[in-house]
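> Sharing a structure below in structure tokens format, with a few things to ask.
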Amino acid sequence: MKIKDLFKNKNTVISFEIFPPNKKFPVENIYKTIDELSKLNPDYISVTYGAGGTTQDRTVEITNRIKNINKIETMAHLTCIGATEESINATLKQLKNNGIKNILALRGDIPRDQIHDSKFSYASDLVKHIKKDGSFSIGGAFYPEVHFENNDLLDLFHLKTKVDSGTDFLVSQLFFDNEDFYKFKEKTQKLNINVPLVAGILPVTNYKQIQKVRELCNAKIPRKFQTILDKFKDDPKALEEAGIIYATEQIIDLIASGVDGVHIYTMNKVHVTRKILENIKYIREGIKEAK
Ligand code: FAD
């Protein structure tokens with residue numbers, strides 16, 4: 001099923017994101033995780049591409065397994081920076097042959113000290129290219145706290161171009177203050193960006209993770225959350241518990257506010273994802289009906 005159609009049938013679409021195992025390890029290492037995550041009945045599971053030292057063809061392999069063995073809807077992430085048209089076409093062909101219907105079209109981070117020479121400079125170039133094929137529902141990324149390369153206004157302007165190029169829905173960068181998401185949504189409405197906006201939520205489960213989050217995307221940590229992190233930083237179990245509850249509270253607030261989708265950055269942690277979904281068991285039952 002195309003993800004763009006899921007939004008027509010559900011009040012809030014609940015999805016998970018996983019990443020392929022590092023190439024030092026066999027791809028099968030992720031299969032048990034997928035089996036367990038599938039039991040939680042997500043509307044779809046997305047698989048990252050090329051990030052963190054993983055091989056890119058694993059995204060194709062893993063989405064194939066999710067779709068055709070686990071029988072769960074899936075979305076393949078695909079980045080375009082530095083890619084050739086041939087390599088993009090080869091990946092699209094593989095995905096199509098496997099029956100994959102959804103792609104998160106991304107630019108990717110520009111490699112340091114490397115001049116890129118590609119037909120694809122921005123995600124919108126990739127969106128236009130995939131759109132020509134006509135087989136896929138296309139998602140794109142957005143940044144409630146603004147993408148680090150641009151100021152607020154420019155980033156929004158570029159987002160509008162990306163949507164007008166054929167993006168069906170947008171998935172957000174992680175954030176810890178829901179107000180940032182709501183304010184961003186208001187701005188998109190003023191610009192007539194009228195596609196579903198999905199909130200990306202990262203359950204923080206250890207102190208080191210926060211340092212990494214800062215390096216990767218510079219997300220703002222609200223005072224309330226920083227206090228929790230500082231208080232429990234030397235008690236891993238308490239910190240994990242607090243991180244799960246913080247993420248749960250964010251999700252409940254988002255659902256109550258009518259968010260189109262919640263995308264959980266699972267970090268391949270089944271027990272954390274399971275606990276969050278247990279926390280919203282009845283809330284989730286209530287959002288199943290069609291709009
Ligand atoms: P774009 O939409 O192209 O935007 C990038 C920057 O360029 C922005 O500052 C934008 O304002 C600007 N811009 C856009 N168009 C123009 C234009 N025409 N002229 C001038 N400036 C322009 N990375 C991975 O490597 N693998 C993954 O699997 C992955 N998954 C992700 C999933 C989500 C939900 C998110 C939010 C990010 C993900 N990323 C992933 C990270 C992403 O690749 C980086 O954030 C990257 O820096 C930007 O990608 P983008 O698709 O948002 O780029």
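Ordering of the structure tokens sets the chain letters (A, B, ...); residue numbers start at 1 within each chain; ligands are numbered from 1 in the order shown.
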Might you pull out every residue within 12 Å of region 37-42 of chain A, with only C-alpha atoms counted and same-chain residues fewer than 4 positions away left off, and present them as number ranges by chain?
A: 6, 12-18, 30-33, 46, 65-67, 69-74, 261-264, 266-278, 280-281, 284-285, 288
> Contacts of Ile210 (chain A) at 12 Å or less, counting only C-alpha atoms, minus same-chain residues fewer than 2 places along, as a ChimeraX atom specification?
/A:174-176,202-208,212-221,225-226,229-230,233,239,243
> Using only C-alpha atoms and all ligand atoms, which residues of the polymer chains come no farther than 7 Å from ligand 1? I'd like the answer as a VMD selection string.
chain A and resid 47 to 51 77 to 79 105 to 110 121 to 124 140 to 143 147 to 150 154 to 156 158 to 159 162 171 to 173 200
> Can you check which residues of region 157-273 of chain A DSSP gives as strand (DSSP E or B) on the backbone and send them as number ranges by chain?
A: 169-172, 197-201, 261-265
> Any idea what's packed within 9 Å of Lys183 (chain A), counting only C-alpha atoms, ignoring anything in its chain fewer than 5 positions away? Could you give it as number ranges by chain?
A: 144, 178, 188
> Here is a test: counting only C-alpha atoms, which residue of A:Lys96, A:Lys4, A:Lys10, A:His129 is nearest to Ser165 (chain A)?
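Once distances to Ser165 (chain A) are computed over only C-alpha atoms, the minimum belongs to A:His129.
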> Please provide the set of residues having any atom within 8 Å of Thr248 (chain A), restricted to only C-alpha atoms, with same-chain residues fewer than 2 positions apart removed, written as a ChimeraX atom specification.
/A:244-246,250-252,276,279-280
> Using only C-alpha atoms, which residue out of A:Cys80, A:Met75, A:Val27, A:Val195 lies closest to Pro111 (chain A)?
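When distances to Pro111 (chain A) are compared using only C-alpha atoms, the smallest one comes from A:Cys80.
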> Using the chain letters and numbers from this document, which residues of region 134-244 of chain A does DSSP assign to alpha helix (DSSP H), as a VMD selection string?
chain A and resid 152 to 164 178 to 190 207 to 217 223 to 232 236 to 244
> Figure out the distance between CA of Gly139 (chain A) and CA of Leu170 (chain A), please, to one decimal in Å.
5.4 Å
> I'd like the contact shell of Leu92 (chain A) - 9 Å cut-off, only C-alpha atoms, skipping same-chain residues fewer than 5 positions apart - returned as a VMD selection string.
chain A and resid 87 97 130 133
> Can you write just those residues out, C-alpha atoms, as a tab-separated table (two decimals), in the first residue's frame?

```
chain	number	residue	atom	x	y	z
A	87	SER	CA	22.82	4.02	-9.53
A	97	ASN	CA	10.88	-5.61	-8.42
A	130	ILE	CA	11.24	9.31	-8.70
A	133	ASP	CA	8.50	6.71	-12.66
```
> How many Å separate CA of Val198 (chain A) from CA of Glu28 (chain A)?
29.3 Å
